[in-house]
Every structure is written in C-alpha cells, then in structure tokens.
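Okay, so here's the structure we're looking at.
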Amino acid sequence: MKIKNKRALAAAVIAGLIFIICIIFYIKTSNSRLLISAALLFAIFASNIYLAFSKKGILEELSEKTDERDLFILSKTGYLTVKILNFILIAADYIFIVLYGIYKYPYLIYIAGTLSAVVVLMFITYLGVNIYLEKHE
Amino acid sequence: MKNKVKMLRLALGLTQQQLADLVNVSARTIISIEKEQYNPSLMLAYKMSQIFNVSVEDLCCLEENLKMENNNENKK
C-alpha cells in the first residue's frame, strides 16, 4: 500500500499514540472520561488512516502542480512573512514596555517578556535553518 | 531581465498555455517571463531555447543584459 497523504498519516500516528495512552490510563484509573477520549481518538485515527492511503493531501496535490516560479514565490513569501512578523512582534513588545512604564501593571511586562522570547526564538530558528541551508544547499 | 520569449513564441504561433505545457510550467510563469518580472531557471531557459531553436544566450539576451548590468554598476 502506498502512502498518498503524509499529513494524514502523521495525524493518525499521533492520534493512535494518544489513544494507547488513554487506554493505559483508563485501565489504571477507570475514569470514564478517558474512555470517551479514547473512542474519539480512535475515530480520528481510523479516519486519518483511511485518508492517508486513499486520498492525496493538499500538500501532495500541490507539489505535483508547482513549478519553479511557485517555489520562488514561496521562498519570497516566507522571507516577507518572517520580516513582517518580526516587525509586528517587536513593535508590540515596545508598546507593552512603554505601557508598563506608564501604568506599572505587572501583566504588561509579562506580555512584553513573552513577546521578546518569541522574537528570540524566531531568530534562533531562522539562524538554525539558515546555517543548515548554507551547509546543505 | 530582458528576453525574446514573447517574440519567438509569436513567431512560432504558440499560445502561452501551449508553450507552458511544452516546458511543464504554468501559463502564469510564461506570462511573468514575458513581462520580464521573473527570470527563468537555466533548465527552463534551455528547454525554451530548444523549442525555439535558438541558443540560451540569444533567448535571454545575455550579452545585452550584461552590458546593461555593467552600465548600472558603473553608474553606482
């Protein structure tokens, strides 16, 4: 059997694993909520397994129809998205820092700190991907 | 980058879709190349040059583009 939809297969594997965890915990605790969760997860698992082997996913369909210009646009879109997101996050970060300076509500500095962490994480990811591509492309 | 795709395509009597099908890209890609908004890859340029029976150099006006690029560099 050939895998036609990798995304659905990944979802099926994840749902399957959580289903097994739910069953194990149900045996240990006999909590009925876990049984309901397990039933739902099994339904998700079964439907995704069906999709993985019978229907092509959006990504698989698209990859067959993309040409070099689409890939060029995709890379440009990714670059611009990162740039815009960075700008928005840093702008919001400054706004929350200024608001904290004015109102001194502690939650404002928590938000600013979280936004800063996201910006730093994005930068580290960007750098990691860039180094990887520099070496492998 | 300047190119002769439109001129050569019309000379052969092909539509944009027909040319796109021959080189396995979308018609949108051909439109962008003709409008000089997108530069084709070397392989795509080679495929088109084979269809038009010209060299890649000729198809993509490489000499002319190089001169223009050098002029722009000198202006800077």
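FYI, nothing fancy with the structure tokens labels: chains A, B, ... in order, residues from 1 per chain, ligands from 1 as they appear.
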*Residues of chain B near chain A: apply a cut-off of 10 Å, count only C-alpha atoms, and supply the list as a list in words.*
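Residues passing the distance filter: Asn24, Val25, Ser26, Arg28, Thr29, Ile30, Ser32, Ile33, Tyr38, Asn39, Pro40, Ser41 and Leu44 of chain B.
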Output file for the selection above: C-alpha atoms, as a CSV table (one decimal), in the first residue's frame:
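As written to disk, result.csv reads:
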```
chain,number,residue,atom,x,y,z
B,24,ASN,CA,6.0,21.8,-18.0
B,25,VAL,CA,5.3,25.1,-16.2
B,26,SER,CA,2.2,27.1,-15.6
B,28,ARG,CA,1.4,32.3,-15.3
B,29,THR,CA,5.1,31.5,-15.3
B,30,ILE,CA,5.3,32.2,-19.1
B,32,SER,CA,5.8,36.6,-15.9
B,33,ILE,CA,8.8,35.7,-18.0
B,38,TYR,CA,10.6,36.6,-13.4
B,39,ASN,CA,13.9,35.2,-14.6
B,40,PRO,CA,13.6,31.6,-15.7
B,41,SER,CA,16.0,28.9,-14.3
B,44,LEU,CA,13.7,26.2,-18.2
```
> Within 8 Å of A:Ala46, counting only C-alpha atoms, which residues qualify if same-chain residues fewer than 4 places away don't, as a PyMOL selection string?
Replying inline: chain A and resi 12+42+50
Mind dumping the selected residues with N, CA and C atoms as a JSON list (two decimals), in the first residue's frame?
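The result, stored in result-v5.json:
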```
[["chain", "number", "residue", "atom", "x", "y", "z"],
["A", 12, "ALA", "N", -2.62, 10.39, 12.10],
["A", 12, "ALA", "CA", -3.08, 9.06, 12.54],
["A", 12, "ALA", "C", -2.13, 8.49, 13.58],
["A", 42, "PHE", "N", -9.84, 7.14, 18.59],
["A", 42, "PHE", "CA", -9.83, 6.01, 17.67],
["A", 42, "PHE", "C", -10.53, 6.39, 16.36],
["A", 50, "TYR", "N", -7.54, 6.05, 6.84],
["A", 50, "TYR", "CA", -8.26, 5.92, 5.57],
["A", 50, "TYR", "C", -7.78, 6.99, 4.57]]
```
From a backbone DSSP assignment, name each residue in chain B labelled alpha helix (DSSP H), as an MDAnalysis selection string. chainID B and resid 5:12 16:22 27:34 42:52 56:59 62:75
Report task. Extract, using only C-alpha atoms, all DNA, RNA and protein residues at most 12 Å from A:Leu17, discarding same-chain residues fewer than 3 positions from it, and format them as a list in words. Result ->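 What passes the distance filter is Ala10, Ala11, Ala12, Val13, Ile14, Ile20, Ile21, Cys22, Ile23, Ile24, Ala38, Leu41, Phe42, Ile44 and Phe45 of chain A.
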Discussion item. Given only C-alpha atoms as the basis, pick out the residue of A:Leu51, A:Ile95, A:Leu108, A:Leu35 nearest to A:Leu9.
Written reply: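 Going through A:Leu51, A:Ile95, A:Leu108, A:Leu35 one by one, the smallest distance to A:Leu9 is for A:Leu51.
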- Find the residue from B:Leu8, B:Ile51, B:Leu62, B:Met68 that sits nearest to B:Glu34; use only C-alpha atoms when measuring.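 Closest candidate: B:Leu8.
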As a check of understanding: the span from atom CA of B:Cys60 to atom CA of B:Asn74 is 22.2 Å
- Hey, what's within 8 Å of stretch 117-134 of chain A if we count only C-alpha atoms and toss same-chain stuff fewer than 6 positions away? As a list in words, please? Asn86, Leu89 and Ile90 of chain A
Write a file of the selected residues as a compact mmCIF listing (two decimals), in the first residue's frame, keeping N, CA and C atoms.
```
# COMPACT_ATOMS: atom_id res chain seq x y z
N ASN A 86 8.29 39.74 12.48
CA ASN A 86 9.32 40.32 13.36
C ASN A 86 8.99 41.76 13.69
N LEU A 89 5.92 41.88 16.05
CA LEU A 89 6.25 41.43 17.41
C LEU A 89 7.10 42.45 18.15
N ILE A 90 8.10 43.00 17.47
CA ILE A 90 8.98 43.97 18.13
C ILE A 90 8.21 45.26 18.44
```
